[in-house]
Structures are given as structure tokens and as C-alpha cells.
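Data from final33.txt: compact mmCIF, C-alpha atoms
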```
# COMPACT_ATOMS: atom_id res chain seq x y z
CA MET A 1 10.35 31.31 -22.93
CA ASP A 2 8.55 28.31 -24.36
CA LYS A 3 5.00 27.95 -23.16
CA ARG A 4 5.58 24.31 -22.30
CA ILE A 5 7.01 25.46 -19.00
CA ASN A 6 3.64 26.94 -18.14
CA ARG A 7 1.81 23.68 -18.18
CA ILE A 8 3.72 21.97 -15.37
CA ALA A 9 2.28 21.67 -11.88
CA MET A 10 4.66 22.21 -8.97
CA SER A 11 4.31 21.68 -5.26
CA GLU A 12 6.12 23.79 -2.69
CA ASN A 13 8.08 20.63 -1.84
CA GLY A 14 9.71 20.58 -5.29
CA PHE A 15 7.55 17.85 -6.83
CA ILE A 16 6.93 18.63 -10.50
CA PHE A 17 4.31 17.06 -12.71
CA ASP A 18 3.97 17.45 -16.46
CA PRO A 19 0.24 16.95 -17.10
CA GLN A 20 0.74 16.34 -20.82
CA THR A 21 3.27 13.53 -20.56
CA GLY A 22 2.40 12.28 -17.05
CA VAL A 23 6.07 12.37 -16.06
CA SER A 24 7.01 13.60 -12.59
CA TYR A 25 10.29 15.02 -11.31
CA VAL A 26 11.72 16.24 -8.05
CA THR A 27 13.87 19.34 -7.76
CA ASN A 28 15.60 21.18 -4.93
CA SER A 29 14.63 24.61 -3.67
CA THR A 30 16.91 26.41 -6.16
CA GLY A 31 15.35 24.58 -9.08
CA LEU A 32 11.89 25.33 -7.74
CA GLU A 33 12.61 29.07 -7.52
CA ILE A 34 14.05 29.08 -11.06
CA LEU A 35 10.98 27.27 -12.37
CA LYS A 36 8.63 29.72 -10.67
CA LYS A 37 10.45 32.63 -12.27
CA LEU A 38 10.42 30.95 -15.69
CA LYS A 39 6.68 30.45 -15.36
CA ASP A 40 6.43 34.18 -14.63
CA ALA A 41 8.30 34.74 -17.95
CA LYS A 42 11.32 36.27 -16.21
CA GLU A 43 14.60 36.56 -18.12
CA VAL A 44 17.84 34.90 -17.10
CA ASP A 45 19.28 38.07 -15.54
CA ASP A 46 16.21 38.55 -13.34
CA ILE A 47 16.29 34.92 -12.29
CA ARG A 48 19.98 35.12 -11.44
CA GLU A 49 19.37 38.20 -9.27
CA HIS A 50 16.49 36.42 -7.54
CA VAL A 51 18.70 33.42 -6.78
CA VAL A 52 21.43 35.71 -5.40
CA LYS A 53 18.94 37.34 -3.03
CA GLU A 54 17.02 34.19 -2.09
CA PHE A 55 20.00 31.91 -1.41
CA GLU A 56 22.72 34.46 -0.48
CA VAL A 57 25.18 33.24 -3.09
CA SER A 58 27.53 35.13 -5.41
CA SER A 59 26.30 36.34 -8.76
CA GLU A 60 28.72 33.92 -10.51
CA GLU A 61 27.47 30.94 -8.55
CA ALA A 62 23.85 31.91 -9.17
CA GLU A 63 24.47 32.32 -12.89
CA ARG A 64 26.13 28.92 -13.07
CA ASP A 65 23.20 27.28 -11.25
CA VAL A 66 20.62 29.02 -13.45
CA ILE A 67 22.41 28.10 -16.69
CA ASP A 68 22.96 24.49 -15.57
CA PHE A 69 19.31 24.18 -14.66
CA LEU A 70 18.20 25.73 -17.94
CA GLU A 71 20.36 23.18 -19.79
CA LEU A 72 18.63 20.43 -17.83
CA LEU A 73 15.21 21.87 -18.69
CA LYS A 74 16.26 22.07 -22.34
CA SER A 75 17.30 18.43 -22.32
CA LYS A 76 13.83 17.56 -21.01
CA GLY A 77 12.20 19.74 -23.64
CA PHE A 78 10.68 22.25 -21.21
CA VAL A 79 12.46 25.25 -22.71
CA GLU A 80 14.02 25.93 -26.11
CA MET B 1 -1.06 -8.68 22.02
CA SER B 2 -3.28 -5.84 20.89
CA SER B 3 -0.54 -3.21 20.76
CA LEU B 4 1.92 -5.12 18.56
CA THR B 5 3.51 -3.26 15.67
CA ILE B 6 4.55 -5.51 12.80
CA ALA B 7 6.69 -4.43 9.85
CA VAL B 8 6.16 -6.32 6.60
CA SER B 9 7.92 -6.00 3.24
CA GLY B 10 6.72 -7.20 -0.18
CA ILE B 11 3.75 -4.82 -0.40
CA ASN B 12 4.15 -4.76 -4.20
CA SER B 13 0.82 -6.28 -5.24
CA ILE B 14 1.69 -6.23 -8.92
CA ASP B 15 1.67 -8.95 -11.62
CA ASN B 16 4.66 -10.51 -9.86
CA PRO B 17 3.42 -9.87 -6.34
CA GLY B 18 5.22 -10.01 -3.02
CA ALA B 19 3.59 -11.65 -0.02
CA GLY B 20 3.22 -8.46 2.02
CA ILE B 21 -0.45 -7.70 1.49
CA GLY B 22 -1.43 -11.36 2.02
CA ILE B 23 0.56 -11.36 5.26
CA ILE B 24 -0.99 -8.10 6.50
CA ARG B 25 -4.50 -9.23 5.51
CA SER B 26 -3.96 -12.39 7.56
CA LEU B 27 -2.67 -10.41 10.57
CA LYS B 28 -5.50 -7.87 10.46
CA GLU B 29 -8.05 -10.65 10.33
CA ALA B 30 -6.50 -12.22 13.42
CA ASN B 31 -6.30 -8.91 15.27
CA PRO B 32 -7.55 -5.64 13.75
CA ASP B 33 -5.61 -3.71 16.40
CA PHE B 34 -2.23 -4.78 15.03
CA GLN B 35 -0.36 -1.85 13.54
CA CYS B 36 1.00 -3.02 10.19
CA ILE B 37 3.93 -1.07 8.79
CA GLY B 38 4.85 -1.54 5.13
CA LEU B 39 8.50 -1.63 4.06
CA SER B 40 8.55 -0.59 0.40
CA TYR B 41 11.13 -0.06 -2.36
CA ASP B 42 9.04 1.83 -4.90
CA ALA B 43 6.80 4.90 -4.61
CA MET B 44 4.29 3.11 -6.82
CA ASP B 45 4.00 -0.08 -4.80
CA PRO B 46 0.23 -0.64 -4.56
CA GLY B 47 0.59 -1.34 -0.83
CA LEU B 48 1.45 2.31 -0.31
CA TYR B 49 -2.06 3.16 -1.50
CA LEU B 50 -3.98 0.35 0.25
CA ASP B 51 -5.18 2.19 3.33
CA GLN B 52 -7.41 -0.68 4.46
CA TYR B 53 -4.37 -2.91 5.07
CA VAL B 54 -1.26 -0.82 5.52
CA ASP B 55 -1.38 1.57 8.46
CA ARG B 56 1.87 3.35 7.65
CA ALA B 57 4.71 2.58 5.26
CA TYR B 58 8.20 3.75 4.41
CA LEU B 59 10.41 3.71 1.34
CA LEU B 60 13.75 1.94 1.83
CA PRO B 61 16.81 1.86 -0.42
CA TYR B 62 17.38 -1.51 -2.10
CA PRO B 63 19.44 -3.78 0.15
CA SER B 64 21.70 -4.54 -2.82
CA ALA B 65 22.48 -0.83 -3.37
CA SER B 66 24.01 -0.04 0.01
CA ARG B 67 23.95 -2.28 3.07
CA GLU B 68 24.70 0.65 5.40
CA LYS B 69 21.97 2.90 4.01
CA TYR B 70 19.48 0.05 4.01
CA LEU B 71 20.11 -0.77 7.67
CA GLU B 72 20.14 2.88 8.68
CA ARG B 73 16.72 3.42 7.14
CA LEU B 74 15.35 0.13 8.49
CA PHE B 75 16.41 0.94 12.04
CA TYR B 76 15.05 4.48 11.69
CA VAL B 77 11.65 3.00 10.80
CA CYS B 78 11.86 0.43 13.59
CA GLU B 79 12.69 3.09 16.17
CA LYS B 80 10.09 5.58 14.97
CA GLU B 81 7.31 3.00 14.83
CA LYS B 82 8.54 0.93 17.81
CA VAL B 83 8.42 -2.20 15.67
CA ASP B 84 8.00 -5.44 17.65
CA VAL B 85 8.12 -7.98 14.81
CA ILE B 86 9.41 -8.00 11.22
CA ILE B 87 8.18 -10.44 8.57
CA PRO B 88 10.53 -10.18 5.56
CA ALA B 89 8.89 -11.16 2.27
CA PHE B 90 11.83 -10.97 -0.18
CA ASP B 91 14.63 -13.51 -0.58
CA SER B 92 17.11 -10.69 -1.21
CA GLU B 93 16.45 -9.15 2.23
CA LEU B 94 17.22 -12.30 4.17
CA PRO B 95 21.04 -12.24 3.97
CA HIS B 96 20.98 -8.74 5.49
CA TYR B 97 18.70 -9.78 8.34
CA ILE B 98 20.76 -12.93 8.94
CA GLN B 99 24.00 -10.97 8.98
CA ASN B 100 22.61 -8.37 11.39
CA ARG B 101 20.61 -10.65 13.64
CA GLY B 102 22.52 -9.32 16.68
CA MET B 103 21.54 -5.72 15.96
CA LEU B 104 17.90 -6.76 15.63
CA ASP B 105 18.06 -8.70 18.93
CA GLU B 106 19.62 -5.69 20.68
CA ARG B 107 16.62 -3.62 19.62
CA ASN B 108 14.23 -6.35 20.77
CA ILE B 109 12.90 -6.76 17.23
CA ARG B 110 11.67 -10.31 16.82
CA LEU B 111 11.63 -12.36 13.65
CA LEU B 112 12.02 -15.93 12.45
CA LEU B 113 15.18 -16.28 10.42
CA PRO B 114 17.10 -19.21 8.97
CA THR B 115 20.83 -19.38 9.57
CA ARG B 116 23.14 -18.54 6.67
CA ALA B 117 23.72 -22.27 6.07
CA GLN B 118 19.97 -23.04 6.10
CA PHE B 119 19.33 -20.17 3.71
CA GLU B 120 22.07 -21.36 1.35
CA ARG B 121 20.60 -24.86 1.24
CA THR B 122 17.35 -23.47 -0.20
CA GLN B 123 19.11 -21.66 -3.06
CA LYS B 124 18.57 -22.87 -6.62
CA VAL B 125 22.13 -24.06 -7.16
CA ASN B 126 21.93 -26.27 -4.05
CA LEU B 127 18.53 -27.76 -4.85
CA PRO B 128 19.74 -31.09 -6.30
CA ALA B 129 21.60 -31.96 -3.09
CA LEU B 130 18.63 -31.04 -0.91
CA GLY B 131 16.19 -32.88 -3.19
CA GLU B 132 18.26 -36.02 -2.76
CA ARG B 133 18.15 -35.67 1.05
CA LEU B 134 14.37 -35.28 0.85
CA GLY B 135 14.01 -38.29 -1.42
CA LEU B 136 12.63 -36.17 -4.25
CA ARG B 137 13.54 -35.90 -7.89
CA VAL B 138 14.94 -32.54 -8.98
CA PRO B 139 15.09 -31.66 -12.70
CA VAL B 140 18.67 -31.94 -13.95
CA THR B 141 20.17 -28.47 -13.53
CA ARG B 142 23.40 -26.95 -14.79
CA ALA B 143 24.82 -23.58 -13.73
CA VAL B 144 26.42 -21.86 -16.72
CA THR B 145 28.34 -18.65 -17.24
CA THR B 146 29.37 -18.79 -20.94
CA LEU B 147 27.69 -19.60 -24.25
CA GLU B 148 29.90 -22.68 -24.58
CA GLU B 149 28.68 -23.93 -21.21
CA LEU B 150 25.11 -23.08 -22.18
CA ASN B 151 25.35 -25.12 -25.39
CA ALA B 152 26.88 -28.05 -23.51
CA ALA B 153 24.15 -27.87 -20.87
CA LEU B 154 21.44 -27.82 -23.56
CA ASP B 155 23.01 -30.87 -25.19
CA PHE B 156 22.87 -32.58 -21.81
CA VAL B 157 19.33 -31.68 -20.63
CA GLY B 158 17.74 -31.51 -24.09
CA LEU B 159 15.04 -29.17 -25.40
CA PRO B 160 12.75 -27.69 -24.32
CA ALA B 161 14.72 -26.45 -21.31
CA MET B 162 14.07 -23.95 -18.53
CA ILE B 163 16.45 -20.98 -18.46
CA LYS B 164 16.43 -19.47 -14.98
CA GLY B 165 17.87 -16.37 -13.34
CA VAL B 166 19.99 -17.08 -10.31
CA PHE B 167 17.45 -15.35 -8.02
CA TYR B 168 14.19 -14.95 -9.94
CA GLU B 169 12.48 -15.57 -13.27
CA ALA B 170 12.39 -18.58 -15.54
CA TYR B 171 11.59 -19.03 -19.22
CA CYS B 172 10.99 -22.11 -21.28
CA ALA B 173 13.32 -22.27 -24.29
CA HIS B 174 12.20 -24.38 -27.23
CA SER B 175 15.31 -23.80 -29.35
CA PHE B 176 18.97 -22.86 -29.03
CA PHE B 177 18.00 -19.43 -30.29
CA ASP B 178 15.44 -19.04 -27.45
CA ALA B 179 17.97 -20.32 -24.93
CA HIS B 180 20.66 -17.85 -26.02
CA HIS B 181 18.14 -15.00 -25.87
CA TYR B 182 16.99 -15.92 -22.33
CA PHE B 183 20.58 -16.58 -21.22
CA HIS B 184 21.54 -13.00 -22.06
CA ARG B 185 18.37 -11.62 -20.53
CA MET B 186 18.85 -13.48 -17.23
CA ALA B 187 22.57 -12.63 -17.09
CA VAL B 188 21.89 -8.92 -17.51
CA LYS B 189 19.05 -8.89 -15.02
CA TRP B 190 20.22 -11.24 -12.27
CA GLY B 191 23.91 -11.87 -12.96
CA PHE B 192 25.72 -15.20 -13.16
CA PRO B 193 25.37 -18.09 -13.07
CA VAL B 194 22.36 -18.66 -15.30
CA LEU B 195 20.64 -21.97 -14.62
CA VAL B 196 19.68 -24.42 -17.36
CA GLN B 197 17.14 -26.92 -16.14
CA GLN B 198 15.59 -30.01 -17.65
CA TYR B 199 11.95 -29.37 -18.58
CA VAL B 200 9.57 -31.73 -16.82
CA SER B 201 5.99 -31.69 -18.04
CA GLY B 202 3.16 -32.11 -15.58
CA HIS B 203 0.90 -30.29 -13.14
CA ASP B 204 2.13 -27.61 -10.73
CA PHE B 205 1.67 -27.74 -6.98
CA ASN B 206 2.97 -25.59 -4.13
CA LEU B 207 3.19 -25.91 -0.40
CA VAL B 208 3.39 -23.06 2.10
CA GLY B 209 4.95 -23.74 5.45
CA LEU B 210 6.18 -22.14 8.64
CA ALA B 211 8.93 -23.41 10.88
CA GLY B 212 9.69 -22.05 14.36
CA ARG B 213 13.06 -21.77 16.01
CA GLY B 214 15.00 -25.00 16.05
CA GLY B 215 13.18 -26.36 13.04
CA THR B 216 9.73 -26.94 14.50
CA ASN B 217 6.91 -27.44 12.05
CA LEU B 218 4.23 -24.78 12.69
CA GLY B 219 1.91 -25.64 9.80
CA LEU B 220 1.81 -26.73 6.14
CA VAL B 221 -0.79 -26.22 3.40
CA PRO B 222 -0.49 -27.71 -0.11
CA ILE B 223 -2.28 -26.25 -3.12
CA LYS B 224 -2.71 -26.97 -6.81
CA LYS B 225 -2.08 -24.14 -9.24
CA LEU B 226 -5.08 -23.81 -11.54
CA LEU B 227 -4.15 -20.75 -13.57
CA LEU B 228 -0.77 -19.09 -14.07
CA THR B 229 0.40 -15.75 -15.45
CA GLN B 230 2.96 -15.60 -18.23
CA LEU B 231 5.61 -15.20 -15.54
CA GLY B 232 4.38 -18.47 -14.02
CA LYS B 233 2.83 -16.71 -11.02
CA ILE B 234 -0.32 -18.10 -9.42
CA TRP B 235 -3.53 -16.47 -10.59
CA THR B 236 -5.97 -19.13 -9.39
CA ALA B 237 -5.24 -21.94 -6.92
CA ILE B 238 -7.03 -24.39 -4.65
CA THR B 239 -6.12 -26.08 -1.37
CA ILE B 240 -5.72 -29.86 -1.66
CA ASP B 241 -5.28 -32.84 0.63
CA ASN B 242 -1.95 -34.32 -0.41
CA PRO B 243 -0.20 -36.26 2.38
CA GLN B 244 2.90 -36.79 0.23
CA MET B 245 3.52 -33.03 -0.14
CA VAL B 246 2.81 -32.39 3.55
CA GLU B 247 5.27 -35.16 4.41
CA VAL B 248 7.92 -33.56 2.18
CA GLY B 249 7.32 -30.25 3.97
CA LYS B 250 7.82 -31.93 7.36
CA ARG B 251 10.98 -33.64 6.13
CA PHE B 252 12.30 -30.34 4.78
CA VAL B 253 11.94 -28.73 8.22
CA GLU B 254 13.41 -31.73 10.05
CA GLU B 255 16.29 -32.14 7.63
CA THR B 256 17.34 -28.48 7.38
CA HIS B 257 16.07 -27.06 10.73
CA PHE B 258 14.95 -24.18 8.56
CA THR B 259 13.33 -21.33 10.51
CA GLY B 260 10.71 -18.95 9.05
CA GLY B 261 8.07 -18.97 6.33
CA PHE B 262 8.79 -20.97 3.19
CA GLU B 263 7.30 -22.28 -0.04
CA LEU B 264 8.10 -25.52 -1.86
CA GLU B 265 7.29 -25.70 -5.57
CA PHE B 266 6.51 -29.08 -7.11
CA ARG B 267 5.63 -30.57 -10.48
CA MET B 268 3.88 -33.91 -10.75
CA THR B 269 4.29 -35.86 -13.99
CA GLU B 270 1.49 -37.86 -15.63
CA SER B 271 3.00 -40.97 -14.03
CA GLU B 272 2.69 -39.22 -10.63
CA GLU B 273 6.38 -38.71 -10.05
CA LEU B 274 6.90 -35.69 -7.82
CA TYR B 275 9.69 -33.26 -8.73
CA LEU B 276 10.94 -30.47 -6.48
CA LEU B 277 11.36 -27.37 -8.67
CA GLU B 278 12.23 -24.66 -6.18
CA ILE B 279 12.33 -23.62 -2.53
CA ASN B 280 11.54 -20.05 -1.56
CA PRO B 281 12.76 -19.07 1.92
CA ARG B 282 9.80 -16.79 2.70
CA PHE B 283 6.01 -16.76 2.56
CA PRO B 284 4.52 -16.87 -0.97
CA ALA B 285 2.22 -14.15 -2.36
CA TRP B 286 -0.75 -16.54 -2.03
CA VAL B 287 -0.22 -17.05 1.74
CA TYR B 288 -3.69 -15.62 2.44
CA LEU B 289 -5.25 -18.72 0.83
CA ALA B 290 -3.89 -20.81 3.72
CA THR B 291 -5.34 -18.25 6.16
CA ALA B 292 -8.73 -18.42 4.44
CA ALA B 293 -8.55 -22.21 4.63
CA GLY B 294 -8.12 -21.97 8.41
CA MET B 295 -4.36 -21.90 8.87
CA ASN B 296 -3.17 -18.36 9.58
CA LEU B 297 0.59 -18.82 9.23
CA PRO B 298 1.53 -15.11 9.54
CA MET B 299 -0.37 -15.05 12.87
CA ARG B 300 1.42 -18.22 13.98
CA TYR B 301 4.71 -16.50 13.08
CA VAL B 302 3.83 -13.57 15.35
CA SER B 303 2.61 -15.82 18.19
CA ASN B 304 5.75 -17.92 17.95
CA VAL B 305 8.18 -15.01 18.19
CA THR B 306 6.26 -13.01 20.79
CA LYS B 307 4.79 -15.71 23.03
CA GLY B 308 6.88 -18.76 22.20
CA GLU B 309 3.82 -20.72 21.07
CA TYR B 310 4.69 -23.94 19.28
CA GLU B 311 1.55 -26.10 19.41
CA TYR B 312 -0.76 -25.76 16.47
CA GLY B 313 -3.08 -28.03 14.56
CA GLN B 314 -2.42 -29.18 10.99
CA GLU B 315 -6.11 -28.78 10.03
CA TYR B 316 -7.17 -26.68 7.08
CA GLU B 317 -10.12 -26.69 4.73
CA VAL B 318 -9.59 -28.56 1.47
CA GLY B 319 -11.16 -27.08 -1.69
CA LYS B 320 -10.73 -23.38 -0.80
CA MET B 321 -10.00 -21.36 -3.90
CA LEU B 322 -7.95 -18.24 -4.40
CA VAL B 323 -9.05 -16.22 -7.40
CA ARG B 324 -6.77 -13.28 -8.08
CA TYR B 325 -8.27 -10.40 -10.01
CA THR B 326 -7.27 -7.00 -11.29
CA GLY B 327 -8.67 -3.86 -9.73
CA GLU B 328 -7.90 -0.17 -9.81
CA LEU B 329 -7.28 2.29 -7.02
CA ILE B 330 -7.80 5.94 -7.83
CA ARG B 331 -5.63 8.46 -6.01
CA ASP B 332 -4.71 12.09 -6.52
CA LEU B 333 -1.24 13.15 -7.57
CA SER B 334 -0.82 14.60 -4.06
CA HIS B 335 -0.31 11.06 -2.70
CA LEU B 336 2.53 10.30 -5.11
CA GLU B 337 4.03 13.69 -4.27
CA PHE B 338 3.83 12.97 -0.53
CA ILE B 339 5.42 9.54 -0.86
CA THR B 340 8.18 10.78 -3.21
CA ILE B 341 9.09 13.80 -1.10
CA ASN B 342 8.71 12.27 2.37
CA GLY B 343 9.59 8.65 1.66
CA GLU B 344 6.51 7.60 3.60
CA LYS B 345 2.97 6.49 2.91
CA SER B 346 0.62 9.45 2.66
CA PRO B 347 -2.32 9.95 5.02
CA PRO B 348 -5.58 8.50 3.60
CA SER B 349 -6.95 11.95 2.84
CA LEU B 350 -5.00 14.65 1.02
CA PRO B 351 -6.34 17.58 -1.02
CA SER B 352 -5.85 17.24 -4.77
CA PRO B 353 -3.29 19.50 -6.51
CA LEU B 354 -6.23 21.44 -7.89
CA GLU B 355 -7.41 22.44 -4.44
CA GLY B 356 -4.36 22.10 -2.23
CA GLU B 357 -2.28 24.94 -0.95
CA GLY B 358 1.32 24.99 -2.08
CA TRP B 359 0.62 23.85 -5.63
CA VAL B 360 1.30 26.00 -8.65
CA GLY B 361 -0.10 25.23 -12.06
CA GLY B 362 -2.61 22.49 -11.26
CA ARG B 363 -5.39 22.53 -13.80
CA ARG B 364 -8.56 20.66 -14.49
CA SER B 365 -7.81 19.87 -18.12
CA MET B 366 -5.16 20.58 -20.71
CA VAL B 367 -7.64 20.99 -23.54
CA LEU B 368 -10.93 22.80 -23.11
```
Before anything else, please render the file you have as C-alpha cells.
Amino acid sequence: MDKRINRIAMSENGFIFDPQTGVSYVTNSTGLEILKKLKDAKEVDDIREHVVKEFEVSSEEAERDVIDFLELLKSKGFVE
Amino acid sequence: MSSLTIAVSGINSIDNPGAGIGIIRSLKEANPDFQCIGLSYDAMDPGLYLDQYVDRAYLLPYPSASREKYLERLFYVCEKEKVDVIIPAFDSELPHYIQNRGMLDERNIRLLLPTRAQFERTQKVNLPALGERLGLRVPVTRAVTTLEELNAALDFVGLPAMIKGVFYEAYCAHSFFDAHHYFHRMAVKWGFPVLVQQYVSGHDFNLVGLAGRGGTNLGLVPIKKLLLTQLGKIWTAITIDNPQMVEVGKRFVEETHFTGGFELEFRMTESEELYLLEINPRFPAWVYLATAAGMNLPMRYVSNVTKGEYEYGQEYEVGKMLVRYTGELIRDLSHLEFITINGEKSPPSLPSPLEGEGWVGGRRSMVL
């Protein structure tokens, strides 16, 4: 994953701050967990499994959430 | 009166400031024990970071976005903080308060409000009629909604002309090209109609006033504007002794039975003809100047609604100056995070993201 994801600061409340651009965002708990895993350089499959366990959702639903969120991160330039 | 809790909006002390901080400063000077609650619409309103004035504050949705959500949040704040008095500082809030006066009364929340009819009489489109009743000139004004109407209005009032948004903002157009540009800008920002007003050259004066229930004059202070921002907002001003303006203020209250804080905006030509430019149905951002000159109108507001006091002097000190200045507050990111996540003003002290628990990725510098 792109290193740009590593520079962001996140609070446990889901507040995200990009120290390079000064832009802040707010995400929900699912987004926060996905971001944490991305910062740990986890792959999509690992992240999906984590979301399944953490939020007790089906694998399909978790995959959809992870992919949607990754698309969002791509549109913001956080991942390639 | 020491335990009163007073909610105040307009804590946006920016280049186009609301009156909130001036109101709270006046109240705190009268009684430091007052609990002043800020009602804010933006996580970056400076009032949310001004701990010396604002005790606690809450983010509200814009009243124009959803009436139900606005009222729900407002009443949540009022219940949580046990609000005794509200002083609204934005024109756009007033219709909601007026419409829901009964719900405020039921909750024993006190405030000075005009009726719908009184409020409407202060609006820009109704100014010529009111000016006539007050015996004042009002620049010729046309409400327009199309470019054809705009061109016709410009032919009528001549150039330069003021192009005004229906609620806020005004620009001086020196050409048809300018006028068309500002027409589109005002229409997009504030909707229709756009107002085209005759330009009257002269010196600018304002008057702040307060009227109690039933249209009782509770105090008036006139000022001269000495320095303006590009948006035409006061940057420096001075209290003056102008009986004519004070008399107009009294007539305004008697004629309309208006209730609440208000501001009259005047322009005086070189030949000393007084024009009424605008009426704002709430306290102006410079209200603290009247307080500093000896007439604490926000405190009179509170005394009127809580104790029914009506007798006040009309004395104030002439020659008191207000000098606005820029300053910077420094806060950690944690405060913005707290306000954004919780919708409330943060406590004065919060650990920075570098030191606080629950933060991932905080760092001292990007480049070392």
C-alpha cells in the first residue's frame, strides 16, 4: 500500500488528520478499523476477515465495505 | 440573578462577525457568574475556542437546512444546560424563534422577539415604506429577478448602484458589467430577489437599540463608522451625540412596536440629509462599544426578560472608540477533533495528539 496512508493521524473517535495537507475527515468505526489495518500494511483479504470478526457481518458484506472504502481512499489520494 | 444561564448565537468572530462575543463580553462584565452558552454553526467559529467568554457551546444544524432538526438540537441544548434566556444574533434564526414562541414559553425560556409582522417590516424590501413612516429618505430600491429587470432598474437608479443580496451582502457596481456580475453572485448565494439600490454618497452612521415588550425603548446609542472592511463591516467606530439619530430610533420603536435588539444603518450626505440604508433586527457585532460607553444593552435585555425592568437611563459616554484588531488563538488539533466528534465546545485543556491516548500516527514533524 502507498505510504501516504502512514502519515495520517487518527483518533479513536474516527477523526482523521492529514498532516501534509491539513485536511481533516471523520469516519465511522468500520472505516477506522480498515484504516488501522492499512497502516499496518495488511492486504485486502486480511482486512476483510478482520471486519467480519470485529463487526459480525458476512464475508460478502465486509468485502463490499472494504472495497467501497478503498475506492473512497483512492479518490482522496491516500492509496493507489 | 447569579445563576442565570444565557444562550447566545453569533459567536463567529470572523471578518464578517456576529454579535455573540460582544453580547457575552457585555454579560460577563455585568455579572461574571452568568453561564454563557454559545450556539454555533461551524466547528471553526472562533467563539468555540474563546474560553474566557464562552463557558460551553454546541454545534447546531443551520435553521435553513431542517427546521425540525434545528429545533430538536436547540431544545436539547436548552434542556441540558437549563437555559433561562436566549439572545439570538442572526436574522435567519428569528423566523424560527417567532414561529415557535409557544414552545419556548412552555419551557420557560425567555427572550425578546418581534412579531412576524414587526420582523417583516424591518426587511430590506419593506424599507422604503418604513422609511416614509419614520420621515427618513431611503435610497431608491428595486427588487429584481431577471437581467431585463436588472437593466431597467439600473436605468432608473443610475450608476454607480448598490447590488444587494436579499438577506446579506452588498456591492457597489460602477458599470453594467459589474452589476451583472454581482447580480449573479447575490442570486446564487442568497436567492431572489436581488436588490438594486441607488448609491448615495456620504458618511456612515449606525445606531444600536433595544426595545422591550410592547415596544418600549430600553436604550439607544449612535456611532460613526471610522473604518470599514471591504465587506463594509465596522473596523473602527466612535460613539457620537446625535439627537436626530436617537430620535429616529425612538420613532422606530414607537411606530413598529418592535421588540428585541436592533441596529439602524444611516448615511448622511454632504448636505446633511439623513438616509436610512438598512434595519437589522438583532444586536450588531459592535454592541460591546455601547456597553463600554456605559449602556449595557445585552444586560438590559436579560433584566427586562427576567425581572421585567423597564426603566433605564439614556446616558452614555460620547467619544468612546472601538478599534477592532486581528489576533490569533493557538489550539491543538485535539480541540477541533472534540468539537467535530461531539458537536460541543471542548474543555479548555486537552492533551495534544502527540501526547494523548487514543491517537495513532501523531508526529512532531513530517520532515526531519
Report task. Find the residue from A:Arg4, A:Arg48, A:Lys36, A:Lys42 that sits nearest to chain B; use only C-alpha atoms when measuring. Result -> A:Lys36
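Note that CA of Met186 (chain B) and CA of Glu120 (chain B) are 20.4 Å apart.
Counting all atoms listed in the file, the residue from A:Gly77, A:Asn13, A:Lys37, A:Ile8 that sits nearest to Ser334 (chain B) is A:Asn13.
The two atoms in question, CA of Gly343 (chain B) and CA of Tyr58 (chain B), are spaced 5.8 Å apart.
The residue that comes closest to chain A, out of B:Met268, B:Ala19, B:Val8, B:Ala43 and on the basis of only C-alpha atoms, is B:Ala43.
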Distance table requested - chain A against chain B, cut-off 9 Å, only C-alpha atoms: one row per qualifying residue with the closest atom pair and its distance in Å to one decimal, ordered by chain and rising residue number, as a Markdown table.
```
| residue | atom | partner | partner_atom | distance |
| --- | --- | --- | --- | --- |
| A:Asn6 | CA | B:Gly361 | CA | 7.3 |
| A:Arg7 | CA | B:Gly361 | CA | 6.6 |
| A:Ile8 | CA | B:Gly361 | CA | 6.0 |
| A:Ala9 | CA | B:Gly361 | CA | 4.3 |
| A:Met10 | CA | B:Val360 | CA | 5.1 |
| A:Ser11 | CA | B:Trp359 | CA | 4.3 |
| A:Glu12 | CA | B:Gly358 | CA | 5.0 |
| A:Asn13 | CA | B:Ile341 | CA | 6.9 |
| A:Gly14 | CA | B:Ile341 | CA | 8.0 |
| A:Phe15 | CA | B:Glu337 | CA | 6.0 |
| A:Ile16 | CA | B:Glu337 | CA | 8.5 |
| A:Phe17 | CA | B:Leu333 | CA | 8.5 |
| A:Pro19 | CA | B:Met366 | CA | 7.4 |
| A:Gln20 | CA | B:Met366 | CA | 7.3 |
| A:Ser24 | CA | B:Glu337 | CA | 8.8 |
| A:Val26 | CA | B:Ile341 | CA | 7.8 |
| A:Lys36 | CA | B:Val360 | CA | 8.5 |
```
Let me see the file: selected residues, C-alpha atoms, as a short mmCIF file (atom, residue, chain, number, x, y, z; two decimals), in the coordinates of the input.
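Printed below is again27.cif as written:
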```cif
data_model
loop_
_atom_site.label_atom_id
_atom_site.label_comp_id
_atom_site.auth_asym_id
_atom_site.auth_seq_id
_atom_site.Cartn_x
_atom_site.Cartn_y
_atom_site.Cartn_z
CA ASN A 6 3.64 26.94 -18.14
CA ARG A 7 1.81 23.68 -18.18
CA ILE A 8 3.72 21.97 -15.37
CA ALA A 9 2.28 21.67 -11.88
CA MET A 10 4.66 22.21 -8.97
CA SER A 11 4.31 21.68 -5.26
CA GLU A 12 6.12 23.79 -2.69
CA ASN A 13 8.08 20.63 -1.84
CA GLY A 14 9.71 20.58 -5.29
CA PHE A 15 7.55 17.85 -6.83
CA ILE A 16 6.93 18.63 -10.50
CA PHE A 17 4.31 17.06 -12.71
CA PRO A 19 0.24 16.95 -17.10
CA GLN A 20 0.74 16.34 -20.82
CA SER A 24 7.01 13.60 -12.59
CA VAL A 26 11.72 16.24 -8.05
CA LYS A 36 8.63 29.72 -10.67
#
```
